[in-house]
file coords-v4.cif (mmCIF, C-alpha atoms)
data_target
#
loop_
_atom_site.group_PDB
_atom_site.id
_atom_site.type_symbol
_atom_site.label_atom_id
_atom_site.label_comp_id
_atom_site.auth_asym_id
_atom_site.auth_seq_id
_atom_site.Cartn_x
_atom_site.Cartn_y
_atom_site.Cartn_z
ATOM 1 C CA MET A 265 21.311 22.209 14.161
ATOM 2 C CA ASN A 266 17.684 22.401 15.241
ATOM 3 C CA GLN A 267 16.692 19.265 17.071
ATOM 4 C CA LEU A 268 13.639 17.409 15.888
ATOM 5 C CA SER A 269 11.576 15.405 18.320
ATOM 6 C CA PRO A 270 9.676 12.686 16.484
ATOM 7 C CA PRO A 271 6.126 12.066 17.718
ATOM 8 C CA GLU A 272 5.399 9.124 20.020
ATOM 9 C CA GLY A 273 4.871 5.828 18.183
ATOM 10 C CA GLY A 274 6.604 6.928 14.964
ATOM 11 C CA TYR A 275 5.581 5.944 11.455
ATOM 12 C CA GLN A 276 8.066 3.085 11.071
ATOM 13 C CA SER A 277 7.126 1.423 14.356
ATOM 14 C CA ARG A 278 3.391 1.701 13.584
ATOM 15 C CA ILE A 279 3.909 0.198 10.115
ATOM 16 C CA ARG A 280 6.055 -2.579 11.565
ATOM 17 C CA ALA A 281 3.311 -3.438 14.060
ATOM 18 C CA SER A 282 0.665 -3.405 11.294
ATOM 19 C CA VAL A 283 2.781 -5.619 9.020
ATOM 20 C CA ILE A 284 3.369 -8.144 11.824
ATOM 21 C CA GLN A 285 -0.356 -8.185 12.574
ATOM 22 C CA LEU A 286 -1.171 -8.643 8.875
ATOM 23 C CA PHE A 287 1.374 -11.487 8.522
ATOM 24 C CA ARG A 288 -0.155 -13.253 11.522
ATOM 25 C CA TRP A 289 -3.638 -13.026 10.004
ATOM 26 C CA CYS A 290 -2.360 -14.135 6.566
ATOM 27 C CA GLY A 291 -0.581 -17.088 8.178
ATOM 28 C CA ALA A 292 -3.731 -18.034 10.087
ATOM 29 C CA TRP A 293 -5.792 -17.728 6.901
ATOM 30 C CA ALA A 294 -3.343 -19.925 4.937
ATOM 31 C CA GLY A 295 -3.516 -22.452 7.785
ATOM 32 C CA SER A 296 -7.323 -22.417 7.752
ATOM 33 C CA CYS A 297 -7.237 -22.904 3.940
ATOM 34 C CA ALA A 298 -4.949 -25.918 4.377
ATOM 35 C CA LEU A 299 -7.268 -27.292 7.066
ATOM 36 C CA LEU A 300 -10.250 -26.854 4.751
ATOM 37 C CA ALA A 301 -8.455 -28.414 1.776
ATOM 38 C CA PHE A 302 -6.867 -31.440 3.483
ATOM 39 C CA GLY A 303 -8.876 -31.866 6.705
ATOM 40 C CA PRO A 304 -11.947 -33.604 5.226
ATOM 41 C CA LYS A 305 -9.782 -36.277 3.585
ATOM 42 C CA PHE A 306 -6.943 -36.770 6.033
ATOM 43 C CA LEU A 307 -8.240 -35.664 9.452
ATOM 44 C CA TRP A 308 -11.963 -36.297 9.893
ATOM 45 C CA ASN A 309 -12.881 -38.678 7.064
ATOM 46 C CA LYS A 310 -15.276 -36.201 5.362
ATOM 47 C CA ALA A 311 -17.534 -35.803 8.435
ATOM 48 C CA LEU A 312 -19.918 -32.966 7.482
ATOM 49 C CA VAL A 313 -19.942 -31.241 10.892
ATOM 50 C CA PHE A 314 -16.165 -30.827 10.944
ATOM 51 C CA THR A 315 -16.108 -29.696 7.323
ATOM 52 C CA LEU A 316 -18.717 -27.025 8.097
ATOM 53 C CA LEU A 317 -16.699 -26.024 11.151
ATOM 54 C CA ALA A 318 -13.558 -25.704 9.004
ATOM 55 C CA ILE A 319 -15.486 -23.540 6.513
ATOM 56 C CA GLY A 320 -16.693 -21.328 9.393
ATOM 57 C CA ILE A 321 -13.144 -20.949 10.721
ATOM 58 C CA ASN A 322 -11.862 -20.141 7.227
ATOM 59 C CA VAL A 323 -14.510 -17.456 6.684
ATOM 60 C CA CYS A 324 -13.972 -15.883 10.131
ATOM 61 C CA VAL A 325 -10.177 -15.808 9.759
ATOM 62 C CA GLY A 326 -10.652 -14.458 6.211
ATOM 63 C CA ILE A 327 -12.726 -11.566 7.567
ATOM 64 C CA GLY A 328 -10.021 -10.928 10.183
ATOM 65 C CA THR A 329 -7.401 -10.842 7.418
ATOM 66 C CA ILE A 330 -9.443 -8.334 5.416
ATOM 67 C CA VAL A 331 -9.797 -6.080 8.486
ATOM 68 C CA ALA A 332 -6.040 -6.371 9.223
ATOM 69 C CA ASN A 333 -5.238 -5.466 5.599
ATOM 70 C CA LYS A 334 -7.597 -2.472 5.760
ATOM 71 C CA LYS A 335 -5.945 -1.273 8.986
ATOM 72 C CA TYR A 336 -2.514 -1.684 7.394
ATOM 73 C CA LEU A 337 -3.560 0.422 4.379
ATOM 74 C CA GLU A 338 -4.965 3.100 6.718
ATOM 75 C CA GLU A 339 -1.652 3.261 8.594
ATOM 76 C CA LEU A 340 0.326 3.915 5.402
ATOM 77 C CA ASP A 341 1.359 7.444 4.472
ATOM 78 C CA ASP A 342 0.143 9.251 1.332
ATOM 79 C CA LEU A 343 2.791 7.920 -1.038
ATOM 80 C CA GLN A 344 2.701 4.313 0.157
ATOM 81 C CA ARG A 345 -1.092 4.353 -0.062
ATOM 82 C CA LYS A 346 -0.849 5.643 -3.630
ATOM 83 C CA VAL A 347 1.587 2.835 -4.532
ATOM 84 C CA HIS A 348 -0.803 0.255 -3.073
ATOM 85 C CA LEU A 349 -3.823 1.844 -4.774
ATOM 86 C CA ASN A 350 -2.041 1.673 -8.153
ATOM 87 C CA SER A 351 -1.062 -1.944 -7.472
ATOM 88 C CA LEU A 352 -4.647 -2.850 -6.553
ATOM 89 C CA ALA A 353 -5.997 -1.137 -9.676
ATOM 90 C CA ILE A 354 -3.556 -3.021 -11.923
ATOM 91 C CA THR A 355 -4.290 -6.318 -10.133
ATOM 92 C CA VAL A 356 -8.077 -6.000 -10.462
ATOM 93 C CA GLY A 357 -7.720 -4.986 -14.121
ATOM 94 C CA VAL A 358 -5.410 -7.896 -14.963
ATOM 95 C CA ALA A 359 -7.639 -10.369 -13.097
ATOM 96 C CA MET A 360 -10.756 -9.258 -14.964
ATOM 97 C CA ILE A 361 -9.069 -9.160 -18.367
ATOM 98 C CA VAL A 362 -7.450 -12.577 -17.923
ATOM 99 C CA ALA A 363 -10.330 -14.376 -16.160
ATOM 100 C CA VAL A 364 -12.892 -14.192 -18.978
ATOM 101 C CA PRO A 365 -10.743 -15.479 -21.888
ATOM 102 C CA TYR A 366 -9.152 -18.057 -19.556
ATOM 103 C CA SER A 367 -12.608 -19.400 -18.704
ATOM 104 C CA VAL A 368 -13.626 -19.410 -22.386
ATOM 105 C CA MET A 369 -10.405 -21.232 -23.340
ATOM 106 C CA ASP A 370 -11.277 -23.905 -20.767
ATOM 107 C CA SER A 371 -14.861 -24.205 -22.047
ATOM 108 C CA TYR A 372 -13.688 -24.766 -25.627
ATOM 109 C CA HIS A 373 -10.752 -26.994 -24.602
ATOM 110 C CA VAL A 374 -8.170 -24.595 -26.014
ATOM 111 C CA ILE A 375 -6.013 -25.296 -22.955
ATOM 112 C CA PRO A 376 -5.194 -28.927 -22.059
ATOM 113 C CA PHE A 377 -5.982 -28.456 -18.334
ATOM 114 C CA HIS A 378 -8.895 -27.302 -16.178
ATOM 115 C CA ALA A 379 -9.034 -23.532 -15.508
ATOM 116 C CA ASP A 380 -8.805 -23.544 -11.732
ATOM 117 C CA VAL A 381 -9.578 -20.478 -9.606
ATOM 118 C CA SER A 382 -6.243 -20.954 -7.804
ATOM 119 C CA HIS A 383 -4.451 -20.028 -11.053
ATOM 120 C CA LEU A 384 -6.212 -16.672 -10.927
ATOM 121 C CA VAL A 385 -5.257 -16.193 -7.261
ATOM 122 C CA VAL A 386 -1.602 -16.892 -8.076
ATOM 123 C CA LEU A 387 -1.747 -14.476 -11.029
ATOM 124 C CA MET A 388 -3.267 -11.773 -8.793
ATOM 125 C CA CYS A 389 -0.573 -12.281 -6.131
ATOM 126 C CA LEU A 390 2.219 -12.071 -8.712
ATOM 127 C CA THR A 391 0.681 -9.013 -10.398
ATOM 128 C CA TYR A 392 0.190 -7.235 -7.069
ATOM 129 C CA GLY A 393 3.767 -7.987 -6.019
ATOM 130 C CA ALA A 394 5.237 -6.834 -9.338
ATOM 131 C CA ALA A 395 3.115 -3.649 -9.404
ATOM 132 C CA ASN A 396 4.112 -2.867 -5.831
ATOM 133 C CA LEU A 397 7.810 -3.355 -6.586
ATOM 134 C CA TYR A 398 7.493 -1.115 -9.657
ATOM 135 C CA GLY A 399 5.699 1.586 -7.621
ATOM 136 C CA THR A 400 8.334 1.465 -4.894
ATOM 137 C CA TRP A 401 11.113 1.684 -7.516
ATOM 138 C CA ARG A 402 9.353 4.529 -9.337
ATOM 139 C CA TYR A 403 9.154 6.750 -6.246
ATOM 140 C CA ARG A 404 12.452 5.618 -4.679
ATOM 141 C CA MET B 295 3.989 21.429 -7.898
ATOM 142 C CA LYS B 296 7.372 22.801 -6.854
ATOM 143 C CA ASN B 297 8.478 23.003 -3.240
ATOM 144 C CA ARG B 298 11.266 24.296 -0.999
ATOM 145 C CA LEU B 299 11.314 21.299 1.308
ATOM 146 C CA LYS B 300 14.906 20.336 0.514
ATOM 147 C CA VAL B 301 16.186 23.883 1.052
ATOM 148 C CA LEU B 302 14.272 24.328 4.298
ATOM 149 C CA ARG B 303 15.496 20.958 5.538
ATOM 150 C CA ALA B 304 19.105 21.767 4.605
ATOM 151 C CA GLU B 305 18.890 25.145 6.367
ATOM 152 C CA ARG B 306 18.013 23.315 9.566
ATOM 153 C CA ASP B 307 20.579 20.571 8.944
ATOM 154 C CA TRP B 308 17.965 17.831 9.160
ATOM 155 C CA THR B 309 18.233 14.515 7.360
ATOM 156 C CA GLN B 310 15.387 13.118 5.266
ATOM 157 C CA ALA B 311 14.881 10.425 7.899
ATOM 158 C CA GLN B 312 14.572 13.018 10.699
ATOM 159 C CA LEU B 313 12.073 15.059 8.709
ATOM 160 C CA ALA B 314 10.141 11.902 7.834
ATOM 161 C CA ASP B 315 9.925 10.958 11.522
ATOM 162 C CA ALA B 316 8.769 14.449 12.468
ATOM 163 C CA LEU B 317 6.073 14.446 9.771
ATOM 164 C CA ASN B 318 5.032 10.853 10.507
ATOM 165 C CA VAL B 319 5.756 9.584 6.987
ATOM 166 C CA SER B 320 8.366 7.344 5.359
ATOM 167 C CA ARG B 321 11.743 8.656 4.194
ATOM 168 C CA GLN B 322 10.780 7.576 0.674
ATOM 169 C CA THR B 323 7.834 9.990 0.785
ATOM 170 C CA ILE B 324 10.088 12.916 1.766
ATOM 171 C CA ASN B 325 12.467 12.030 -1.066
ATOM 172 C CA ALA B 326 9.611 11.763 -3.596
ATOM 173 C CA ILE B 327 8.227 15.163 -2.527
ATOM 174 C CA GLU B 328 11.657 16.829 -2.654
ATOM 175 C CA THR B 329 12.350 15.486 -6.137
ATOM 176 C CA GLY B 330 8.894 16.550 -7.355
ATOM 177 C CA LYS B 331 7.750 12.993 -8.084
ATOM 178 C CA PHE B 332 4.883 13.197 -5.623
ATOM 179 C CA ASP B 333 2.629 15.976 -4.366
ATOM 180 C CA PRO B 334 1.683 15.759 -0.682
ATOM 181 C CA SER B 335 -1.891 15.708 0.575
ATOM 182 C CA LEU B 336 -3.291 18.831 2.238
ATOM 183 C CA PRO B 337 -2.954 17.406 5.795
ATOM 184 C CA LEU B 338 0.704 16.553 5.141
ATOM 185 C CA ALA B 339 1.334 20.002 3.633
ATOM 186 C CA PHE B 340 -0.220 21.564 6.769
ATOM 187 C CA ARG B 341 1.977 19.406 9.016
ATOM 188 C CA ALA B 342 5.076 20.501 7.072
ATOM 189 C CA ALA B 343 4.030 24.154 7.293
ATOM 190 C CA ARG B 344 3.481 23.835 11.048
ATOM 191 C CA LEU B 345 6.842 22.126 11.510
ATOM 192 C CA PHE B 346 8.772 24.813 9.612
ATOM 193 C CA GLY B 347 6.685 27.644 11.078
ATOM 194 C CA LEU B 348 5.731 28.869 7.606
ATOM 195 C CA ARG B 349 2.599 29.192 5.516
ATOM 196 C CA ILE B 350 1.859 26.396 3.016
ATOM 197 C CA GLU B 351 2.394 28.696 0.025
ATOM 198 C CA GLU B 352 5.861 29.573 1.370
ATOM 199 C CA ILE B 353 6.815 25.910 0.993
ATOM 200 C CA PHE B 354 4.735 24.672 -1.948
ATOM 201 C CA HIS B 355 4.234 26.541 -5.217
ATOM 202 C CA ASP B 356 1.658 25.863 -7.902
ATOM 203 C CA GLU B 357 3.670 25.829 -11.153
ATOM 204 C CA ASP B 358 0.596 26.501 -13.336
ATOM 205 C CA ARG B 359 -0.283 29.537 -11.294
ATOM 206 C CA LEU B 360 3.295 30.855 -11.508
ATOM 207 C CA ASP B 361 3.248 30.439 -15.302
ATOM 208 C CA HIS B 362 -0.098 32.209 -15.471
ATOM 209 C CA ALA B 363 1.173 35.056 -13.287
ATOM 210 C CA THR B 364 4.193 35.412 -15.571
ATOM 211 C CA GLU B 365 1.907 35.688 -18.568
ATOM 212 C CA ILE B 366 -0.090 38.484 -16.932
ATOM 213 C CA ASN B 367 2.918 40.306 -15.487
ATOM 214 C CA PRO B 368 5.844 39.582 -17.807
#
call {"tool": "encode", "arguments": {"input": "coords-v4.cif", "output": "structure tokens"}}
result
Amino acid sequence: MNQLSPPEGGYQSRIRASVIQLFRWCGAWAGSCALLAFGPKFLWNKALVFTLLAIGINVCVGIGTIVANKKYLEELDDLQRKVHLNSLAITVGVAMIVAVPYSVMDSYHVIPFHADVSHLVVLMCLTYGAANLYGTWRYR
Amino acid sequence: MKNRLKVLRAERDWTQAQLADALNVSRQTINAIETGKFDPSLPLAFRAARLFGLRIEEIFHDEDRLDHATEINP
């Protein structure tokens, strides 16, 4: 049997490091969102300076999360990148197709509740997850 | 695109995981290439060729071109 010597810092270890980094940034971003949502009411009694500071933190951590996600996608191999690209395409398509009628339904009171942007975010997360699972299953 | 990756790997008694490590990709990618579900990029094809000490066309075959060649030279 010919022995194979895998290159230093193999694919799996690099991906693991990228995923950990991405999870840290996502966690920090979720924390900054919580701070922005609940801080003004429960922590600093709607003081403008602190609210602006919380917005600044949220934006900065958001940019860090985007960069971490981009680095993660760059670390992926050809097939994994294709799976993610397909998932992103489906997610963007679903978001655009759903967003417009959802907004119209709210305007004309077809739905009994307010069309909140968070509903769209949840839909995008679920769509991305489902598309990714399907892609992984398809090329298993 | 057809390929001889599975045969070449078996000849050397390598597992999919070992080949994946050597080519710096996931085992799923090796499996998808071997089963013809996914065509590798040019850099990955070059890495595979270098690893096996062969030319790219000795590993990967263009099915359309083979069909065309058959039509010309039946």
call {"tool": "interface_residues", "arguments": {"input": "coords-v4.cif", "of": "chain B", "to": "chain A", "cutoff": "6 Å", "atoms": "all atoms listed in the file", "output": "ChimeraX atom specification"}}
result
/B:306-307,315-316,318-319,322-323,326
call {"tool": "residues_around", "arguments": {"input": "coords-v4.cif", "residues": "Ser296 in chain A", "least_positions_apart": "2", "cutoff": "8 Å", "atoms": "only C-alpha atoms", "output": "list of chain:residue names"}}
result
A:Ala292, A:Trp293, A:Ala294, A:Ala298, A:Leu299, A:Leu300, A:Ala318, A:Ile321, A:Asn322, A:Val325
call {"tool": "atom_distance", "arguments": {"input": "coords-v4.cif", "atom1": "CA of Gly326 in chain A", "atom2": "CA of Ala394 in chain A"}}
result
23.5 Å
call {"tool": "resolve_selection", "arguments": {"input": "coords-v4.cif", "expression": "the PyMOL selection byres ((chain B and resi 330-336) around 7)", "output": "number ranges by chain"}}
result
A: 342, 403; B: 295-296, 326-329, 337-340
call {"tool": "atom_distance", "arguments": {"input": "coords-v4.cif", "atom1": "CA of Trp308 in chain B", "atom2": "CA of Asn325 in chain B"}}
result
13.0 Å
call {"tool": "build_atoms", "arguments": {"input": "coords-v4.cif", "residues": "range 327-357 of chain A", "atoms": "N, CA and C atoms", "output": "CSV table (one decimal), in the frame of the given file"}}
result
chain,number,residue,atom,x,y,z
A,327,ILE,N,-12.2,-12.9,7.2
A,327,ILE,CA,-12.7,-11.6,7.6
A,327,ILE,C,-11.7,-10.8,8.4
A,328,GLY,N,-11.1,-11.5,9.4
A,328,GLY,CA,-10.0,-10.9,10.2
A,328,GLY,C,-8.9,-10.4,9.3
A,329,THR,N,-8.5,-11.2,8.3
A,329,THR,CA,-7.4,-10.8,7.4
A,329,THR,C,-7.8,-9.6,6.6
A,330,ILE,N,-9.0,-9.5,6.2
A,330,ILE,CA,-9.4,-8.3,5.4
A,330,ILE,C,-9.4,-7.1,6.3
A,331,VAL,N,-9.8,-7.2,7.6
A,331,VAL,CA,-9.8,-6.1,8.5
A,331,VAL,C,-8.3,-5.7,8.8
A,332,ALA,N,-7.5,-6.7,9.0
A,332,ALA,CA,-6.0,-6.4,9.2
A,332,ALA,C,-5.4,-5.7,8.0
A,333,ASN,N,-5.8,-6.1,6.8
A,333,ASN,CA,-5.2,-5.5,5.6
A,333,ASN,C,-5.7,-4.0,5.5
A,334,LYS,N,-7.0,-3.8,5.8
A,334,LYS,CA,-7.6,-2.5,5.8
A,334,LYS,C,-6.9,-1.6,6.8
A,335,LYS,N,-6.6,-2.1,8.0
A,335,LYS,CA,-5.9,-1.3,9.0
A,335,LYS,C,-4.5,-0.9,8.5
A,336,TYR,N,-3.9,-1.9,7.9
A,336,TYR,CA,-2.5,-1.7,7.4
A,336,TYR,C,-2.5,-0.6,6.4
A,337,LEU,N,-3.5,-0.6,5.4
A,337,LEU,CA,-3.6,0.4,4.4
A,337,LEU,C,-3.8,1.8,5.0
A,338,GLU,N,-4.6,1.8,6.1
A,338,GLU,CA,-5.0,3.1,6.7
A,338,GLU,C,-3.8,3.7,7.4
A,339,GLU,N,-2.8,2.8,7.9
A,339,GLU,CA,-1.7,3.3,8.6
A,339,GLU,C,-0.6,3.8,7.6
A,340,LEU,N,-0.7,3.5,6.4
A,340,LEU,CA,0.3,3.9,5.4
A,340,LEU,C,0.3,5.4,5.2
A,341,ASP,N,1.4,6.0,4.8
A,341,ASP,CA,1.4,7.4,4.5
A,341,ASP,C,0.9,7.7,3.0
A,342,ASP,N,0.8,8.9,2.6
A,342,ASP,CA,0.1,9.3,1.3
A,342,ASP,C,0.8,8.5,0.2
A,343,LEU,N,2.1,8.5,0.1
A,343,LEU,CA,2.8,7.9,-1.0
A,343,LEU,C,2.6,6.4,-1.1
A,344,GLN,N,2.8,5.8,0.1
A,344,GLN,CA,2.7,4.3,0.2
A,344,GLN,C,1.3,3.9,-0.2
A,345,ARG,N,0.3,4.7,0.2
A,345,ARG,CA,-1.1,4.4,-0.1
A,345,ARG,C,-1.3,4.5,-1.6
A,346,LYS,N,-0.7,5.5,-2.2
A,346,LYS,CA,-0.8,5.6,-3.6
A,346,LYS,C,-0.2,4.4,-4.4
A,347,VAL,N,0.9,4.0,-3.9
A,347,VAL,CA,1.6,2.8,-4.5
A,347,VAL,C,0.7,1.6,-4.4
A,348,HIS,N,0.1,1.4,-3.3
A,348,HIS,CA,-0.8,0.3,-3.1
A,348,HIS,C,-2.1,0.4,-3.9
A,349,LEU,N,-2.6,1.6,-4.0
A,349,LEU,CA,-3.8,1.8,-4.8
A,349,LEU,C,-3.6,1.5,-6.2
A,350,ASN,N,-2.4,2.0,-6.8
A,350,ASN,CA,-2.0,1.7,-8.2
A,350,ASN,C,-1.9,0.2,-8.3
A,351,SER,N,-1.3,-0.5,-7.4
A,351,SER,CA,-1.1,-1.9,-7.5
A,351,SER,C,-2.4,-2.7,-7.5
A,352,LEU,N,-3.3,-2.2,-6.6
A,352,LEU,CA,-4.6,-2.8,-6.6
A,352,LEU,C,-5.4,-2.6,-7.9
A,353,ALA,N,-5.3,-1.4,-8.4
A,353,ALA,CA,-6.0,-1.1,-9.7
A,353,ALA,C,-5.5,-2.0,-10.8
A,354,ILE,N,-4.2,-2.2,-10.9
A,354,ILE,CA,-3.6,-3.0,-11.9
A,354,ILE,C,-4.0,-4.5,-11.7
A,355,THR,N,-3.9,-4.9,-10.4
A,355,THR,CA,-4.3,-6.3,-10.1
A,355,THR,C,-5.7,-6.6,-10.5
A,356,VAL,N,-6.7,-5.8,-10.1
A,356,VAL,CA,-8.1,-6.0,-10.5
A,356,VAL,C,-8.3,-6.0,-12.0
A,357,GLY,N,-7.6,-5.1,-12.7
A,357,GLY,CA,-7.7,-5.0,-14.1
A,357,GLY,C,-7.2,-6.2,-14.8
